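Visitor: Data: entry.json, JSON, C-alpha atoms.
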[["chain", "number", "residue", "atom", "x", "y", "z"],
["A", 1, "MET", "CA", 83.12, 92.25, 131.01],
["A", 2, "SER", "CA", 80.93, 94.61, 129.02],
["A", 3, "GLN", "CA", 81.99, 95.99, 125.65],
["A", 4, "TYR", "CA", 80.62, 99.38, 126.70],
["A", 5, "LYS", "CA", 83.41, 101.35, 128.35],
["A", 6, "GLY", "CA", 84.35, 104.96, 129.00],
["A", 7, "GLU", "CA", 84.62, 107.71, 131.56],
["A", 8, "LEU", "CA", 82.48, 110.76, 132.23],
["A", 9, "THR", "CA", 84.44, 113.99, 131.79],
["A", 10, "GLU", "CA", 83.87, 117.16, 133.78],
["A", 11, "LYS", "CA", 82.76, 118.91, 130.58],
["A", 12, "GLN", "CA", 80.14, 116.22, 129.91],
["A", 13, "ALA", "CA", 78.90, 116.32, 133.52],
["A", 14, "ILE", "CA", 78.49, 120.12, 133.44],
["A", 15, "ALA", "CA", 76.67, 119.98, 130.09],
["A", 16, "ARG", "CA", 74.29, 117.27, 131.31],
["A", 17, "PHE", "CA", 73.60, 119.04, 134.61],
["A", 18, "ALA", "CA", 72.44, 122.08, 132.63],
["A", 19, "HIS", "CA", 69.46, 120.05, 131.35],
["A", 20, "PHE", "CA", 68.02, 119.68, 134.84],
["A", 21, "ALA", "CA", 65.84, 122.05, 136.84],
["A", 22, "ASN", "CA", 67.95, 123.83, 139.44],
["A", 23, "ASN", "CA", 66.31, 122.28, 142.49],
["A", 24, "LEU", "CA", 66.53, 118.66, 141.20],
["A", 25, "LYS", "CA", 63.47, 117.88, 143.34],
["A", 26, "ASN", "CA", 61.84, 115.91, 140.54],
["A", 27, "LEU", "CA", 64.70, 113.48, 139.92],
["A", 28, "SER", "CA", 64.02, 110.02, 141.34],
["A", 29, "TYR", "CA", 64.71, 106.34, 140.71],
["A", 30, "ASP", "CA", 62.38, 103.38, 141.19],
["A", 31, "ILE", "CA", 64.34, 100.18, 140.68],
["A", 32, "PHE", "CA", 63.37, 96.53, 140.44],
["A", 33, "LEU", "CA", 66.19, 93.96, 140.41],
["A", 34, "LYS", "CA", 65.98, 90.20, 139.91],
["A", 35, "TYR", "CA", 69.08, 88.54, 141.32],
["A", 36, "ASN", "CA", 69.69, 85.16, 139.71],
["A", 37, "LYS", "CA", 72.05, 82.39, 140.68],
["A", 38, "GLY", "CA", 74.86, 82.12, 138.20],
["A", 39, "GLN", "CA", 76.23, 84.86, 135.96],
["A", 40, "GLU", "CA", 73.37, 87.24, 135.18],
["A", 41, "TYR", "CA", 70.82, 89.53, 136.78],
["A", 42, "SER", "CA", 68.07, 91.65, 135.26],
["A", 43, "GLY", "CA", 66.05, 94.69, 136.18],
["A", 44, "LYS", "CA", 63.74, 97.54, 135.36],
["A", 45, "ILE", "CA", 64.35, 101.16, 136.28],
["A", 46, "HIS", "CA", 61.84, 104.02, 136.26],
["A", 47, "ILE", "CA", 63.55, 107.41, 136.22],
["A", 48, "THR", "CA", 61.57, 110.61, 136.72],
["A", 49, "CYS", "CA", 63.36, 113.85, 135.89],
["A", 50, "ASP", "CA", 62.42, 117.48, 135.39],
["A", 51, "LEU", "CA", 64.25, 119.07, 132.46],
["A", 52, "VAL", "CA", 64.65, 122.73, 131.55],
["A", 53, "LYS", "CA", 65.89, 121.89, 128.07],
["A", 54, "VAL", "CA", 66.26, 118.91, 125.75],
["A", 55, "SER", "CA", 68.99, 118.12, 123.26],
["A", 56, "SER", "CA", 70.49, 115.29, 121.23],
["A", 57, "GLU", "CA", 73.36, 115.17, 123.74],
["A", 58, "PHE", "CA", 71.26, 114.05, 126.71],
["A", 59, "PHE", "CA", 72.36, 110.64, 127.94],
["A", 60, "ILE", "CA", 72.16, 108.08, 130.69],
["A", 61, "ASP", "CA", 75.25, 106.22, 131.88],
["A", 62, "TRP", "CA", 75.01, 102.46, 131.29],
["A", 63, "SER", "CA", 77.91, 100.11, 130.66],
["A", 64, "GLY", "CA", 75.87, 96.95, 131.24],
["A", 65, "SER", "CA", 75.48, 94.30, 128.62],
["A", 66, "GLU", "CA", 71.91, 94.76, 127.37],
["A", 67, "VAL", "CA", 68.94, 97.10, 127.10],
["A", 68, "SER", "CA", 65.79, 94.99, 126.64],
["A", 69, "SER", "CA", 63.27, 97.81, 126.25],
["A", 70, "LEU", "CA", 62.98, 101.59, 126.50],
["A", 71, "SER", "CA", 59.95, 103.79, 127.06],
["A", 72, "ILE", "CA", 59.97, 107.58, 127.34],
["A", 73, "ASN", "CA", 56.92, 109.51, 128.52],
["A", 74, "GLY", "CA", 54.67, 106.52, 127.88],
["A", 75, "ASN", "CA", 55.95, 105.96, 124.35],
["A", 76, "PRO", "CA", 57.82, 102.73, 123.58],
["A", 77, "VAL", "CA", 61.05, 103.42, 121.71],
["A", 78, "ALA", "CA", 61.57, 100.69, 119.14],
["A", 79, "SER", "CA", 64.98, 99.43, 118.10],
["A", 80, "SER", "CA", 66.10, 97.04, 115.38],
["A", 81, "ASP", "CA", 69.60, 96.64, 116.82],
["A", 82, "ASN", "CA", 68.90, 96.17, 120.56],
["A", 83, "TYR", "CA", 69.60, 99.89, 121.08],
["A", 84, "ALA", "CA", 73.26, 99.52, 120.05],
["A", 85, "SER", "CA", 73.03, 102.59, 117.80],
["A", 86, "MET", "CA", 71.97, 104.70, 120.81],
["A", 87, "ARG", "CA", 75.02, 103.63, 122.79],
["A", 88, "LYS", "CA", 78.41, 105.32, 122.52],
["A", 89, "GLY", "CA", 80.75, 103.67, 124.97],
["A", 90, "VAL", "CA", 79.26, 103.98, 128.44],
["A", 91, "PHE", "CA", 76.72, 106.59, 127.31],
["A", 92, "PHE", "CA", 73.13, 105.70, 126.30],
["A", 93, "PHE", "CA", 71.76, 108.66, 124.32],
["A", 94, "LEU", "CA", 68.03, 109.28, 124.53],
["A", 95, "PRO", "CA", 66.11, 110.41, 121.42],
["A", 96, "GLN", "CA", 65.52, 114.15, 121.63],
["A", 97, "ASP", "CA", 62.10, 113.94, 119.99],
["A", 98, "GLN", "CA", 60.80, 111.79, 122.87],
["A", 99, "LEU", "CA", 61.92, 114.17, 125.61],
["A", 100, "LYS", "CA", 60.20, 117.37, 126.70],
["A", 101, "VAL", "CA", 60.79, 120.41, 128.86],
["A", 102, "GLY", "CA", 59.20, 119.62, 132.21],
["A", 103, "GLN", "CA", 58.70, 116.23, 133.80],
["A", 104, "ASN", "CA", 59.91, 113.16, 131.92],
["A", 105, "GLU", "CA", 59.49, 109.48, 132.71],
["A", 106, "ILE", "CA", 62.08, 107.05, 131.39],
["A", 107, "ILE", "CA", 61.64, 103.30, 131.82],
["A", 108, "ILE", "CA", 64.44, 100.92, 130.91],
["A", 109, "GLU", "CA", 64.47, 97.13, 131.17],
["A", 110, "PHE", "CA", 67.95, 95.67, 131.21],
["A", 111, "LYS", "CA", 70.12, 92.60, 131.70],
["A", 112, "ASN", "CA", 73.70, 92.40, 132.84],
["A", 113, "ASN", "CA", 76.38, 89.99, 133.95],
["A", 114, "TYR", "CA", 77.65, 90.15, 137.49],
["A", 115, "ALA", "CA", 81.08, 91.77, 137.71],
["A", 116, "SER", "CA", 84.14, 89.79, 138.66],
["A", 117, "ASP", "CA", 86.53, 92.69, 139.33],
["A", 118, "GLY", "CA", 84.88, 94.22, 142.42],
["A", 119, "CYS", "CA", 83.19, 97.09, 140.57],
["A", 120, "GLY", "CA", 79.45, 97.51, 140.09],
["A", 121, "LEU", "CA", 77.56, 94.41, 141.22],
["A", 122, "HIS", "CA", 80.28, 91.86, 141.97],
["A", 123, "SER", "CA", 79.58, 88.14, 142.43],
["A", 124, "PHE", "CA", 81.79, 85.31, 143.59],
["A", 125, "ILE", "CA", 81.66, 81.74, 144.89],
["A", 126, "ASP", "CA", 83.27, 81.52, 148.33],
["A", 127, "THR", "CA", 85.00, 78.55, 149.95],
["A", 128, "ASP", "CA", 81.61, 77.37, 151.29],
["A", 129, "ASN", "CA", 80.49, 76.96, 147.65],
["A", 130, "ARG", "CA", 77.83, 79.63, 148.08],
["A", 131, "GLN", "CA", 77.36, 82.59, 145.78],
["A", 132, "TYR", "CA", 77.75, 86.08, 147.24],
["A", 133, "THR", "CA", 77.25, 89.52, 145.72],
["A", 134, "TYR", "CA", 78.17, 93.03, 146.80],
["A", 135, "THR", "CA", 78.24, 96.49, 145.27],
["A", 136, "ASP", "CA", 80.94, 99.13, 144.84],
["A", 137, "PHE", "CA", 80.00, 102.30, 142.95],
["A", 138, "GLU", "CA", 82.93, 104.68, 143.49],
["A", 139, "PRO", "CA", 84.11, 106.60, 141.61],
["A", 140, "PHE", "CA", 82.15, 105.81, 138.41],
["A", 141, "PHE", "CA", 80.79, 102.28, 138.73],
["A", 142, "ALA", "CA", 77.07, 102.69, 139.50],
["A", 143, "ASN", "CA", 76.52, 102.65, 135.74],
["A", 144, "ARG", "CA", 77.88, 99.10, 135.74],
["A", 145, "PHE", "CA", 75.00, 98.18, 138.07],
["A", 146, "ILE", "CA", 71.99, 100.06, 136.67],
["A", 147, "PRO", "CA", 71.30, 102.71, 134.01],
["A", 148, "CYS", "CA", 71.58, 106.04, 135.84],
["A", 149, "PHE", "CA", 72.93, 109.58, 135.87],
["A", 150, "ASP", "CA", 76.25, 108.61, 137.40],
["A", 151, "GLN", "CA", 77.61, 111.94, 138.64],
["A", 152, "PRO", "CA", 77.74, 113.22, 142.23],
["A", 153, "ASP", "CA", 75.79, 116.47, 141.78],
["A", 154, "LEU", "CA", 72.70, 114.70, 140.41],
["A", 155, "LYS", "CA", 71.28, 113.48, 143.73],
["A", 156, "ALA", "CA", 67.94, 111.69, 143.98],
["A", 157, "PRO", "CA", 65.85, 109.45, 146.23],
["A", 158, "TYR", "CA", 65.86, 105.74, 145.38],
["A", 159, "THR", "CA", 63.29, 103.03, 145.89],
["A", 160, "LEU", "CA", 64.57, 99.50, 145.33],
["A", 161, "ILE", "CA", 62.70, 96.22, 145.15],
["A", 162, "ALA", "CA", 65.12, 93.30, 144.98],
["A", 163, "ALA", "CA", 64.00, 89.74, 144.30],
["A", 164, "ILE", "CA", 66.57, 87.22, 145.49],
["A", 165, "PRO", "CA", 66.76, 83.41, 145.67],
["A", 166, "ASN", "CA", 65.00, 82.06, 148.74],
["A", 167, "GLU", "CA", 68.17, 80.81, 150.43],
["A", 168, "TRP", "CA", 69.97, 84.13, 149.98],
["A", 169, "ASN", "CA", 69.92, 86.98, 152.50],
["A", 170, "MET", "CA", 70.16, 90.68, 151.74],
["A", 171, "VAL", "CA", 71.94, 93.12, 154.03],
["A", 172, "SER", "CA", 71.45, 96.87, 153.68],
["A", 173, "ASN", "CA", 72.21, 100.03, 155.61],
["A", 174, "SER", "CA", 68.62, 101.16, 154.90],
["A", 175, "PRO", "CA", 65.28, 100.04, 156.35],
["A", 176, "THR", "CA", 63.89, 96.96, 154.62],
["A", 177, "ASN", "CA", 60.65, 95.04, 154.39],
["A", 178, "ALA", "CA", 60.64, 91.41, 153.29],
["A", 179, "GLU", "CA", 57.90, 89.27, 151.83],
["A", 180, "LYS", "CA", 57.38, 86.28, 149.58],
["A", 181, "SER", "CA", 55.66, 87.12, 146.34],
["A", 182, "GLN", "CA", 54.31, 85.36, 143.27],
["A", 183, "GLY", "CA", 57.15, 84.10, 141.14],
["A", 184, "LEU", "CA", 59.76, 85.65, 143.41],
["A", 185, "ASP", "CA", 61.62, 83.81, 146.14],
["A", 186, "LYS", "CA", 62.06, 86.81, 148.39],
["A", 187, "SER", "CA", 61.75, 90.57, 148.03],
["A", 188, "LYS", "CA", 63.29, 93.40, 150.00],
["A", 189, "TYR", "CA", 62.08, 96.97, 149.74],
["A", 190, "LEU", "CA", 64.47, 99.81, 150.38],
["A", 191, "THR", "CA", 63.82, 103.54, 150.26],
["A", 192, "GLU", "CA", 66.81, 105.83, 150.25],
["A", 193, "ALA", "CA", 66.98, 109.53, 151.02],
["A", 194, "GLU", "CA", 68.30, 111.87, 148.37],
["A", 195, "GLN", "CA", 71.86, 110.90, 147.49],
["A", 196, "SER", "CA", 74.28, 110.55, 144.60],
["A", 197, "THR", "CA", 74.68, 107.30, 142.73],
["A", 198, "HIS", "CA", 77.90, 106.40, 144.51]]
Translate the structure of the given file into structure tokens.

Guide:
Amino acid sequence: MSQYKGELTEKQAIARFAHFANNLKNLSYDIFLKYNKGQEYSGKIHITCDLVKVSSEFFIDWSGSEVSSLSINGNPVASSDNYASMRKGVFFFLPQDQLKVGQNEIIIEFKNNYASDGCGLHSFIDTDNRQYTYTDFEPFFANRFIPCFDQPDLKAPYTLIAAIPNEWNMVSNSPTNAEKSQGLDKSKYLTEAEQSTH
């Protein structure tokens, strides 16, 4: 289980919401996930958001185990401590000097262990000796899956590309397209309408 724990308070959610443009039309997520056999998965998320103000208290929710890289508005954000100093519990604070009023692009590469308690991205070995995974994001567990703004009033469209082992199958309640790709056993593409993280 991750060392990064905590809960989002109503006060924090209200303060963060105030950073966003009222219509939220420019908030979106493009997600790539690499599902691995075993204990760990990895991914890359591209978040686009339109801000009406910036501050040192602007954060993304992420309780996963590792941030591999961070880029904001095309500028790589270096770190000598694997971004640990930017993390306070479940909150990953973004440097104010890299953000701007207007449209922002945030790209985060990350790694995480599968969950074993049913929250986030859970994985288990069933009686057939096969590995299975499933997700559960309510009430505040999407941040255990991907870095995101994990509060219900920050709705956004999602595009997901998931690379899974060839013998695995992916089931979704959204339209999918499958193909085999270089270096990837199988990929599924999902596009979601505007919705909250959970």

Visitor: For a quick check of your reading of the model, name the residues lying within 8 Å of the coordinate (79.4, 109.3, 143.3), counting all atoms listed in the file, and write them as a list in words.

Guide: Phe137, Glu138, Pro139, Phe140, Ala142, Asp150, Gln151, Pro152, Ser196, Thr197 and His198 of chain A

Visitor: With distances taken over all atoms listed in the file, which residue among A:Asn113, A:Leu160, A:Cys119, A:Cys148 lies nearest Gly38 (chain A)?

Guide: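 For Gly38 (chain A), the nearest of the given residues is A:Asn113.
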
Visitor: Given all atoms listed in the file as the basis, pick out the residue of A:Phe20, A:Phe110, A:Trp168, A:Phe91 nearest to Asn36 (chain A).

Guide: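 So, comparing all the options, the nearest one is A:Trp168.
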
Visitor: Restricting the calculation to only C-alpha atoms, which member of A:Ala163, A:Ala78, A:Ile146, A:Leu27 is positioned closest to Lys44 (chain A)?

Guide: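 When distances to Lys44 (chain A) are compared using only C-alpha atoms, the smallest one comes from A:Ile146.
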
Visitor: May I have the residues at most 6 Å from (75.5, 109.0, 129.3) in the file's coordinates, counting all atoms listed in the file, as a VMD selection string?

Guide: chain A and resid 59 to 61 91 to 92

Visitor: For Pro157 (chain A), which of A:Asp81, A:Asp128, A:Asp30, A:Glu57 is the closest residue, counting all atoms listed in the file?

Guide: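 Comparing A:Asp81, A:Asp128, A:Asp30, A:Glu57 against Pro157 (chain A), the winner is A:Asp30.
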
Visitor: Of the candidates A:Ala13, A:His46, A:Phe58, A:Glu105, which one gets nearest to Ile72 (chain A) if we count all atoms listed in the file?

Guide: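 Distance minimum relative to Ile72 (chain A) lands on A:Glu105.
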
Visitor: Give me, as an MDAnalysis selection string, all polymer residues having an atom no more than 9 Å from Lys53 (chain A), counting only C-alpha atoms and skipping those fewer than 5 positions away in the same chain.

Guide: chainID A and resid 18:21 100:102

Visitor: Convert the current residue selection to file output with C-alpha atoms, as a tab-separated table (two decimals), keeping the file's coordinate frame.

Guide:
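Generated file (selection.tsv):
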chain	number	residue	atom	x	y	z
A	18	ALA	CA	72.44	122.08	132.63
A	19	HIS	CA	69.46	120.05	131.35
A	20	PHE	CA	68.02	119.68	134.84
A	21	ALA	CA	65.84	122.05	136.84
A	100	LYS	CA	60.20	117.37	126.70
A	101	VAL	CA	60.79	120.41	128.86
A	102	GLY	CA	59.20	119.62	132.21

Visitor: Which residues are close to Asn82 (chain A), i.e. within 12 Å by all atoms listed in the file, leaving aside same-chain residues fewer than 6 positions away? Reply as a ChimeraX atom specification.

Guide: /A:65-70,92,109-111

Visitor: Could you save the residues just selected, with C-alpha atoms, as a PDB file, in the frame of the given file?

Guide:
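To be explicit, this is the file written out as selection18.pdb:
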ATOM      1  CA  SER A  65      75.480  94.300 128.620  1.00  0.00           C
ATOM      2  CA  GLU A  66      71.910  94.760 127.370  1.00  0.00           C
ATOM      3  CA  VAL A  67      68.940  97.100 127.100  1.00  0.00           C
ATOM      4  CA  SER A  68      65.790  94.990 126.640  1.00  0.00           C
ATOM      5  CA  SER A  69      63.270  97.810 126.250  1.00  0.00           C
ATOM      6  CA  LEU A  70      62.980 101.590 126.500  1.00  0.00           C
ATOM      7  CA  PHE A  92      73.130 105.700 126.300  1.00  0.00           C
ATOM      8  CA  GLU A 109      64.470  97.130 131.170  1.00  0.00           C
ATOM      9  CA  PHE A 110      67.950  95.670 131.210  1.00  0.00           C
ATOM     10  CA  LYS A 111      70.120  92.600 131.700  1.00  0.00           C
TER      11      LYS A 111
END

Visitor: Between A:Ala84, A:Val77, A:Ile31, A:Ala162, which is the closest to Gly64 (chain A) once you count only C-alpha atoms?

Guide: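 Smallest separation from Gly64 (chain A) among the options: A:Ala84.
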
Visitor: Calculate how many Å separate CA of Leu24 (chain A) from CA of Leu154 (chain A), rounding to one decimal.

Guide: 7.4 Å

Visitor: Can you measure CA of Ile45 (chain A) to CA of Tyr29 (chain A) for me? One decimal in Å is fine.

Guide: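 These two atoms are separated by 6.8 Å.
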
Visitor: What does the distance from CA of Phe145 (chain A) to CA of Lys34 (chain A) come to in Å, to one decimal?

Guide: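 Interatomic distance, CA of Phe145 (chain A) to CA of Lys34 (chain A): 12.2 Å.
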
Visitor: So which residues touch Arg130 (chain A) within 12 Å, counting only C-alpha atoms, skipping near sequence neighbours fewer than 4 positions away, as a list in words?

Guide: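 The contact residues come out as Lys37, Gly38, Ser123, Phe124, Ile125, Asp126, Pro165, Glu167, Trp168 and Asn169 of chain A.
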
Visitor: Okay, now the selection with C-alpha atoms, as a CSV table (one decimal), in the frame of the given file?

Guide:
chain,number,residue,atom,x,y,z
A,37,LYS,CA,72.0,82.4,140.7
A,38,GLY,CA,74.9,82.1,138.2
A,123,SER,CA,79.6,88.1,142.4
A,124,PHE,CA,81.8,85.3,143.6
A,125,ILE,CA,81.7,81.7,144.9
A,126,ASP,CA,83.3,81.5,148.3
A,165,PRO,CA,66.8,83.4,145.7
A,167,GLU,CA,68.2,80.8,150.4
A,168,TRP,CA,70.0,84.1,150.0
A,169,ASN,CA,69.9,87.0,152.5

Visitor: Arg144 (chain A): which residues within 7 Å, counting all atoms listed in the file, same-chain residues fewer than 4 positions away excluded, as a list in words?

Guide: Trp62, Ser63, Gly64 and Gly120 of chain A

Visitor: Is it possible to get the axis-aligned box enclosing region 24-37 of chain A (all listed atoms, 4 Å extra per side) as AutoDock Vina command-line options, with centre and edge lengths in Å rounded to one decimal?

Guide:
--center_x 66.9 --center_y 100.5 --center_z 141.5 --size_x 18.2 --size_y 44.3 --size_z 11.6

Visitor: Contacts of Cys49 (chain A) at 6 Å or less, counting only C-alpha atoms, minus same-chain residues fewer than 6 places along, as a VMD selection string?

Guide: chain A and resid 26 to 27 103 to 104
